[in-house]
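Enquirer: This is the content of run-v7.txt (compact mmCIF, C-alpha atoms and all ligand atoms):
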```
# COMPACT_ATOMS: atom_id res chain seq x y z
CA MET A 246 76.66 40.61 -23.79
CA ASP A 247 76.49 38.59 -27.01
CA ILE A 248 77.89 35.06 -26.93
CA HIS A 249 78.22 33.20 -30.23
CA VAL A 250 78.61 29.42 -30.18
CA PHE A 251 79.69 27.54 -33.30
CA THR A 252 78.80 23.87 -32.93
CA LEU A 253 77.49 20.80 -34.75
CA PHE A 254 75.14 20.14 -31.81
CA PRO A 255 73.25 23.35 -31.00
CA GLU A 256 70.42 21.32 -29.45
CA MET A 257 72.75 20.23 -26.64
CA PHE A 258 72.70 23.82 -25.32
CA ARG A 259 68.95 24.30 -25.07
CA GLY A 260 68.11 22.41 -21.86
CA PRO A 261 71.05 23.39 -19.64
CA MET A 262 71.16 26.99 -20.88
CA ASP A 263 67.38 27.51 -20.54
CA GLU A 264 67.07 26.07 -17.03
CA SER A 265 70.05 27.67 -15.33
CA MET A 266 70.92 31.16 -14.14
CA VAL A 267 72.14 31.63 -17.72
CA GLY A 268 68.53 31.14 -18.85
CA ARG A 269 67.39 33.87 -16.47
CA ALA A 270 70.11 36.21 -17.79
CA VAL A 271 68.98 35.48 -21.37
CA ALA A 272 65.31 36.04 -20.47
CA GLY A 273 66.27 39.27 -18.73
CA ARG A 274 68.09 40.47 -21.87
CA LEU A 275 71.45 40.70 -20.08
CA VAL A 276 72.84 38.02 -22.40
CA SER A 277 72.05 36.91 -25.93
CA LEU A 278 73.15 33.38 -26.69
CA HIS A 279 73.53 32.83 -30.45
CA LEU A 280 73.81 29.19 -31.49
CA HIS A 281 75.19 28.53 -34.98
CA ASN A 282 75.36 25.10 -36.57
CA PHE A 283 78.46 25.33 -38.76
CA ARG A 284 77.20 22.37 -40.80
CA ASP A 285 74.89 24.95 -42.42
CA TYR A 286 78.00 26.68 -43.82
CA ALA A 287 79.60 23.60 -45.42
CA PRO A 288 79.97 24.38 -49.14
CA ASP A 289 79.22 20.93 -50.61
CA LYS A 290 75.75 19.53 -51.14
CA HIS A 291 76.16 16.90 -48.40
CA HIS A 292 77.27 19.58 -45.90
CA THR A 293 80.41 17.66 -45.03
CA VAL A 294 82.05 18.90 -41.82
CA ASP A 295 84.81 16.35 -41.27
CA ASP A 296 87.32 14.26 -43.19
CA THR A 297 90.08 11.71 -42.60
CA PRO A 298 93.41 13.05 -41.30
CA TYR A 299 96.25 13.63 -43.76
CA GLY A 300 99.04 11.17 -42.98
CA GLY A 301 96.56 8.66 -41.61
CA GLY A 302 95.38 7.89 -38.12
CA PRO A 303 92.14 7.15 -36.31
CA GLY A 304 89.06 9.34 -36.21
CA MET A 305 87.90 12.25 -38.30
CA VAL A 306 89.10 15.85 -38.34
CA VAL A 307 86.78 18.88 -38.47
CA LYS A 308 87.33 20.64 -41.80
CA PRO A 309 88.32 24.30 -41.82
CA GLU A 310 85.93 25.71 -44.47
CA PRO A 311 82.62 25.37 -42.59
CA LEU A 312 84.03 26.93 -39.41
CA PHE A 313 85.77 29.82 -41.21
CA SER A 314 82.67 30.51 -43.32
CA ALA A 315 80.33 30.39 -40.33
CA VAL A 316 82.44 32.72 -38.18
CA GLU A 317 83.01 35.19 -41.05
CA ALA A 318 79.33 35.18 -42.02
CA VAL A 319 78.21 35.90 -38.46
CA LEU A 320 80.99 38.13 -37.11
CA GLY A 321 82.31 39.71 -40.31
CA PRO A 322 85.51 39.07 -42.27
CA VAL A 323 87.85 40.49 -39.59
CA PRO A 324 86.32 39.75 -36.19
CA SER A 325 87.60 41.89 -33.33
CA CYS A 326 86.17 39.85 -30.43
CA PRO A 327 87.81 36.89 -28.71
CA ILE A 328 87.31 33.68 -30.71
CA ILE A 329 87.92 30.82 -28.34
CA LEU A 330 88.54 27.29 -29.52
CA LEU A 331 87.62 24.68 -26.92
CA THR A 332 90.23 21.96 -27.17
CA PRO A 333 92.00 19.49 -24.87
CA GLN A 334 95.27 21.26 -25.86
CA GLY A 335 94.05 24.64 -24.62
CA ARG A 336 95.22 26.62 -21.62
CA PRO A 337 93.36 25.44 -18.47
CA PHE A 338 90.20 27.52 -17.93
CA ARG A 339 90.33 29.26 -14.56
CA GLN A 340 88.42 31.97 -12.72
CA ALA A 341 90.78 34.69 -13.99
CA ALA A 342 89.87 33.82 -17.60
CA ALA A 343 86.15 33.98 -16.74
CA GLN A 344 86.70 37.43 -15.20
CA ARG A 345 88.56 38.60 -18.30
CA LEU A 346 85.89 37.33 -20.71
CA ALA A 347 83.15 38.98 -18.64
CA GLN A 348 84.62 42.37 -19.67
CA PHE A 349 83.93 41.87 -23.42
CA PRO A 350 80.63 42.87 -25.05
CA THR A 351 80.93 39.92 -27.48
CA PHE A 352 82.88 36.69 -27.72
CA ALA A 353 82.70 33.47 -29.73
CA LEU A 354 83.19 29.83 -28.75
CA LEU A 355 84.19 27.18 -31.31
CA CYS A 356 83.32 23.59 -30.42
CA GLY A 357 85.34 20.86 -32.03
CA HIS A 358 84.34 17.22 -32.12
CA TYR A 359 85.52 13.90 -33.46
CA GLY A 360 89.28 13.43 -33.37
CA GLY A 361 90.06 17.12 -33.41
CA VAL A 362 90.04 20.27 -35.54
CA ASP A 363 92.16 21.21 -38.56
CA GLU A 364 95.24 23.05 -37.32
CA ARG A 365 94.47 26.09 -39.52
CA VAL A 366 91.44 26.86 -37.35
CA ARG A 367 93.72 27.09 -34.33
CA GLU A 368 96.35 29.13 -36.16
CA HIS A 369 94.26 31.55 -38.23
CA LEU A 370 90.72 31.71 -36.80
CA ALA A 371 90.90 31.20 -33.04
CA THR A 372 92.41 33.97 -30.93
CA GLU A 373 92.87 31.63 -27.95
CA GLU A 374 92.38 28.01 -26.90
CA LEU A 375 90.88 26.76 -23.65
CA SER A 376 90.52 23.35 -21.99
CA ILE A 377 88.34 22.75 -18.94
CA GLY A 378 90.50 20.01 -17.46
CA ASP A 379 92.49 16.86 -17.97
CA TYR A 380 89.84 14.36 -18.98
CA VAL A 381 88.65 13.31 -22.43
CA LEU A 382 85.19 14.45 -23.49
CA THR A 383 83.42 13.80 -26.79
CA GLY A 384 83.39 17.42 -27.88
CA GLY A 385 83.68 21.07 -26.96
CA GLU A 386 79.98 21.60 -26.19
CA LEU A 387 80.04 20.83 -22.45
CA PRO A 388 83.24 22.89 -22.06
CA ALA A 389 81.53 25.79 -23.90
CA MET A 390 78.59 25.59 -21.47
CA VAL A 391 81.03 25.59 -18.54
CA VAL A 392 82.69 28.76 -19.87
CA ILE A 393 79.33 30.44 -20.51
CA ASP A 394 78.08 29.61 -17.01
CA ALA A 395 81.26 30.88 -15.34
CA VAL A 396 81.23 34.14 -17.34
CA VAL A 397 77.52 34.94 -17.23
CA ARG A 398 77.22 34.67 -13.46
CA LEU A 399 79.85 37.44 -13.20
CA LEU A 400 77.79 39.94 -15.21
CA PRO A 401 76.24 42.75 -13.18
CA GLY A 402 72.62 41.92 -12.34
CA VAL A 403 72.84 38.16 -12.88
CA LEU A 404 73.53 36.95 -9.34
CA GLY A 405 71.13 37.48 -6.47
CA SER A 406 72.19 40.20 -4.05
CA GLN A 407 73.19 37.74 -1.31
CA GLU A 408 75.71 36.00 -3.54
CA SER A 409 78.90 37.96 -3.92
CA THR A 410 81.29 37.66 -6.84
CA ALA A 411 83.81 39.87 -5.03
CA GLU A 412 84.51 36.85 -2.86
CA ASP A 413 85.08 34.69 -5.92
CA SER A 414 88.59 35.96 -6.41
CA HIS A 415 89.24 34.61 -2.92
CA ALA A 416 87.31 31.41 -3.59
CA ALA A 417 89.52 30.87 -6.60
CA VAL A 418 92.67 30.81 -4.48
CA LEU A 419 91.49 29.29 -1.19
CA LEU A 420 88.89 26.55 -0.78
CA GLN A 421 85.72 27.41 1.13
CA ALA A 422 85.39 26.69 4.84
CA PRO A 423 82.73 24.13 5.92
CA LEU A 424 79.15 25.43 5.87
CA TYR A 425 76.31 24.51 8.22
CA THR A 426 72.66 25.42 8.56
CA ARG A 427 69.89 24.40 10.98
CA PRO A 428 69.41 22.16 12.90
CA PRO A 429 72.35 22.58 15.29
CA LEU A 430 72.26 18.86 16.10
CA PHE A 431 71.48 16.42 13.28
CA ARG A 432 71.64 12.65 13.91
CA GLY A 433 74.09 13.33 16.70
CA TRP A 434 76.36 15.54 14.55
CA GLN A 435 76.96 18.97 16.09
CA VAL A 436 77.50 22.23 14.29
CA PRO A 437 80.89 23.61 15.47
CA GLU A 438 80.31 25.64 18.64
CA VAL A 439 82.06 28.76 17.33
CA LEU A 440 79.46 29.18 14.56
CA LEU A 441 76.69 29.39 17.19
CA SER A 442 78.65 31.78 19.41
CA GLY A 443 77.68 35.03 17.73
CA ASP A 444 81.33 36.13 17.98
CA HIS A 445 81.86 37.42 14.45
CA GLN A 446 85.57 37.89 14.83
CA ALA A 447 86.03 34.34 16.15
CA ILE A 448 83.85 33.00 13.32
CA ALA A 449 85.88 34.84 10.68
CA ARG A 450 89.14 33.52 12.18
CA TRP A 451 87.79 29.94 12.34
CA ARG A 452 86.61 30.09 8.71
CA ARG A 453 89.93 31.43 7.52
CA GLN A 454 91.77 28.66 9.38
CA GLN A 455 89.47 25.96 8.05
CA ALA A 456 89.94 27.30 4.52
CA LEU A 457 93.71 27.23 4.99
CA LEU A 458 93.72 23.66 6.36
CA ARG A 459 91.37 22.40 3.68
CA THR A 460 93.33 24.03 0.90
CA ARG A 461 96.64 22.66 2.21
CA GLU A 462 95.06 19.19 2.44
CA ARG A 463 93.27 19.09 -0.92
CA ARG A 464 94.83 21.72 -3.17
CA PRO A 465 98.39 22.51 -2.13
CA ASP A 466 98.87 23.98 -5.62
CA LEU A 467 96.33 26.71 -4.77
CA LEU A 468 97.91 27.39 -1.40
CA ALA A 469 101.25 28.01 -3.10
CA GLU A 470 99.58 30.81 -5.15
CA ALA A 471 97.50 32.31 -2.34
CA GLU A 472 98.30 35.61 -0.70
CA LEU A 473 98.83 34.67 2.94
CA SER A 474 99.08 37.06 5.85
CA GLU A 475 101.66 36.69 8.60
CA GLU A 476 98.85 35.34 10.81
CA ASP A 477 97.93 32.75 8.13
CA ARG A 478 101.53 31.56 7.95
CA ARG A 479 101.85 31.38 11.72
CA PHE A 480 98.67 29.30 11.90
CA LEU A 481 99.82 26.88 9.23
CA GLN A 482 103.17 26.50 10.89
CA GLY A 483 101.37 25.58 14.09
CA LEU A 484 102.76 28.61 15.94
CA GLU A 485 99.31 30.04 16.71
CA PRO A 486 98.90 30.30 20.51
C1 LIG A 501 93.46 11.43 -29.79
C2 LIG A 501 93.76 12.60 -28.97
N1 LIG A 501 92.56 13.23 -28.38
C3 LIG A 501 93.04 14.29 -27.45
C4 LIG A 501 93.08 13.79 -26.03
C5 LIG A 501 91.75 13.85 -29.43
C6 LIG A 501 90.53 14.50 -28.94
C7 LIG A 501 89.78 13.97 -27.93
C8 LIG A 501 88.59 14.57 -27.50
C9 LIG A 501 90.10 15.67 -29.55
C10 LIG A 501 88.93 16.26 -29.14
C11 LIG A 501 88.18 15.73 -28.12
C12 LIG A 501 86.94 16.37 -27.70
N2 LIG A 501 87.14 17.25 -26.54
C13 LIG A 501 87.10 18.57 -26.65
O1 LIG A 501 86.83 19.06 -27.73
C14 LIG A 501 87.39 19.40 -25.50
C15 LIG A 501 87.79 19.08 -24.17
C16 LIG A 501 88.03 17.84 -23.51
O2 LIG A 501 87.90 16.74 -24.04
N3 LIG A 501 88.43 17.88 -22.21
C17 LIG A 501 88.59 19.04 -21.52
N4 LIG A 501 88.39 20.23 -22.10
C18 LIG A 501 88.00 20.22 -23.40
S1 LIG A 501 87.71 21.60 -24.29
C19 LIG A 501 87.31 20.77 -25.65
```
Let me see the structure of the file written as C-alpha cells.
Ligand code: 9D3
Expert:
Amino acid sequence: MDIHVFTLFPEMFRGPMDESMVGRAVAGRLVSLHLHNFRDYAPDKHHTVDDTPYGGGPGMVVKPEPLFSAVEAVLGPVPSCPIILLTPQGRPFRQAAAQRLAQFPTFALLCGHYGGVDERVREHLATEELSIGDYVLTGGELPAMVVIDAVVRLLPGVLGSQESTAEDSHAAVLLQAPLYTRPPLFRGWQVPEVLLSGDHQAIARWRRQQALLRTRERRPDLLAEAELSEEDRRFLQGLEP
C-alpha cells in the first residue's frame, strides 16, 4: 500500500512512524509512506503557503495553489485514489472508515494547519474529509498519523498472529471486558474466580456480560448500535437467572 501525506511538517512523522508497528510494516515493504512538503510546490520565491482570510478574521488560511500543485505533481492531474482532508469539520473517523481505506492500494492525506484551509481544496481536491474527534489540535498531522496507524494494522501480515483484527469489528461496537494476567493475587486484589476456572463457556459468558455492562456504563451510544442477542438483552434487563 502507498500512503501519500501532504504536510508542512513532514519531520513530525519520522519518530512515531519509524518506531511503531507502522515502521515495521514500512521496513517489511508492506507499506510505503511518502511524505511531501507542499511548501516545496508554492509558486512564489518565498514559498508562501498561507495568507489572511478574505473578509477578515483571525489566523491564516492555507492557500490552494501549493496543495493542488503538490497533489497533481505526485498523483497526476486526475487522481483516482481517495484524497482525504483532515479537518475539524470532517466526518468522525471510526473503525469502519479504517477498514474501508485498508482496501485501497493508494490513498492521500492532506494536513491543514493554521486557521484552516481554503474552501476550494475541500470542494475540488479532497474526495472526503475526516476528523478524529471533538477537540482542537494545531494541525492535521497527528490526525493523519492516527488514520495511518489504524489502517496499517489492518493490512494482512502487519499484526502478529495472536492479535486478531476479525475481533476488531466487535471491539468497535462493544467495549472490551476486563483483562488480567498473573499473579492471581496482587496486593490483595483477586483475579475474578471465573477466569481461573478453566470453564471456557463460563469465561466467554462472563466476558460478554462485562463488555455489555461496561459499554452501557461508558458508551451507551455504542450499545445502541450493537447487535445484541436475545441472551444479551435478557442479561441487560436483569432477567438472567
Ligand atoms: C477557528 C475555528 N477552528 C476550528 C475549530 C479552526 C481550526 C482549528 C484547528 C482549523 C484547523 C485546526 C487544526 N486541526 C486540524 O487540522 C484537525 C483536527 C482537529 O483539530 N481535531 C480533530 N481532528 C482533526 S483533523 C484535522
Enquirer: Could you pull out the residues sitting within 8 Å of ligand LIG 501 (chain A), using all atoms listed in the file, and write them as a list of chain:residue names?
Expert: A:Pro303, A:Leu330, A:Leu331, A:Thr332, A:Pro333, A:Gln334, A:Gly335, A:Cys356, A:Gly357, A:His358, A:Tyr359, A:Gly360, A:Gly361, A:Val362, A:Leu375, A:Ser376, A:Ile377, A:Gly378, A:Asp379, A:Tyr380, A:Val381, A:Leu382, A:Thr383, A:Gly384, A:Gly385, A:Glu386, A:Leu387, A:Pro388, A:Ala389
Enquirer: Would you work out the distance separating CA of Gln340 (chain A) from CA of Val391 (chain A), expressed in Å to one decimal?
Expert: 11.4 Å
Enquirer: Could you state the separation of CA of Leu278 (chain A) and CA of Asp247 (chain A) in Å, given to one decimal place?
Expert: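 That distance, rounded to one decimal, is 6.2 Å.
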Enquirer: Between A:Phe349, A:Gly260, A:Arg450, A:Asp394, single out the one closest to Asp477 (chain A), counting only C-alpha atoms.
Expert: A:Arg450
Enquirer: Work out how far CA of Phe258 (chain A) is from CA of Ala315 (chain A), in Å to one decimal.
Expert: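 Computing it gives 18.1 Å between the two atoms.
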Enquirer: Given only C-alpha atoms as the basis, pick out the residue of A:Pro261, A:Pro350, A:Gly273, A:Gly405 nearest to His249 (chain A).
Expert: A:Pro350
Enquirer: From the set A:Glu462, A:Glu472, A:Asp263, A:Asp289, which residue has the shortest atom-to-atom contact distance to Ser277 (chain A), counting only C-alpha atoms?
Expert: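 Among the listed residues, the smallest separation from Ser277 (chain A) belongs to A:Asp263.
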Enquirer: Mind giving me the axis-aligned box for region 266-277 of chain A with 6 Å on every side, centre plus edges in Å to one decimal, as lines of an AutoDock Vina configuration file?
Expert:
```
center_x = 69.1
center_y = 35.9
center_z = -20.0
size_x = 19.5
size_y = 21.6
size_z = 23.8
```
Enquirer: Which residue gives the smallest distance to Gly483 (chain A) among A:Ala471, A:Val307, A:Ile328, A:Leu458, with all atoms listed in the file counted?
Expert: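 Among the listed residues, the smallest separation from Gly483 (chain A) belongs to A:Leu458.
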Enquirer: Please list, as a PyMOL selection string, the residues that have an atom at most 9 Å away from (76.9, 42.5, -17.6) in the coordinates of this file, counting all atoms listed in the file.
Expert: chain A and resi 246+275-276+347-348+350+397-403
Enquirer: Keeping only C-alpha atoms, write those residues as a PDB file, in the coordinates of the input.
Expert:
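Contents of the output file again_15.pdb:
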```pdb
ATOM      1  CA  MET A 246      76.660  40.610 -23.790  1.00  0.00           C
ATOM      2  CA  LEU A 275      71.450  40.700 -20.080  1.00  0.00           C
ATOM      3  CA  VAL A 276      72.840  38.020 -22.400  1.00  0.00           C
ATOM      4  CA  ALA A 347      83.150  38.980 -18.640  1.00  0.00           C
ATOM      5  CA  GLN A 348      84.620  42.370 -19.670  1.00  0.00           C
ATOM      6  CA  PRO A 350      80.630  42.870 -25.050  1.00  0.00           C
ATOM      7  CA  VAL A 397      77.520  34.940 -17.230  1.00  0.00           C
ATOM      8  CA  ARG A 398      77.220  34.670 -13.460  1.00  0.00           C
ATOM      9  CA  LEU A 399      79.850  37.440 -13.200  1.00  0.00           C
ATOM     10  CA  LEU A 400      77.790  39.940 -15.210  1.00  0.00           C
ATOM     11  CA  PRO A 401      76.240  42.750 -13.180  1.00  0.00           C
ATOM     12  CA  GLY A 402      72.620  41.920 -12.340  1.00  0.00           C
ATOM     13  CA  VAL A 403      72.840  38.160 -12.880  1.00  0.00           C
TER      14      VAL A 403
END
```
Enquirer: For the point (87.8, 26.1, -43.7) in file coordinates, what residues are within 10 Å, counting only C-alpha atoms? Give the answer as a PyMOL selection string?
Expert: chain A and resi 286-288+294+307-315+363+365-366+370
Enquirer: Using only C-alpha atoms, which of the listed residues (A:His281, A:Ser265, A:His292, A:Val396) sits closest to Ala341 (chain A)?
Expert: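 Smallest separation from Ala341 (chain A) among the options: A:Val396.
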Enquirer: When distances are computed from all atoms listed in the file, which of A:Ala353, A:Leu420, A:Val316, A:Leu253 shows the smallest separation from Gln455 (chain A)?
Expert: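 The shortest atom-to-atom distance to Gln455 (chain A) comes from A:Leu420.
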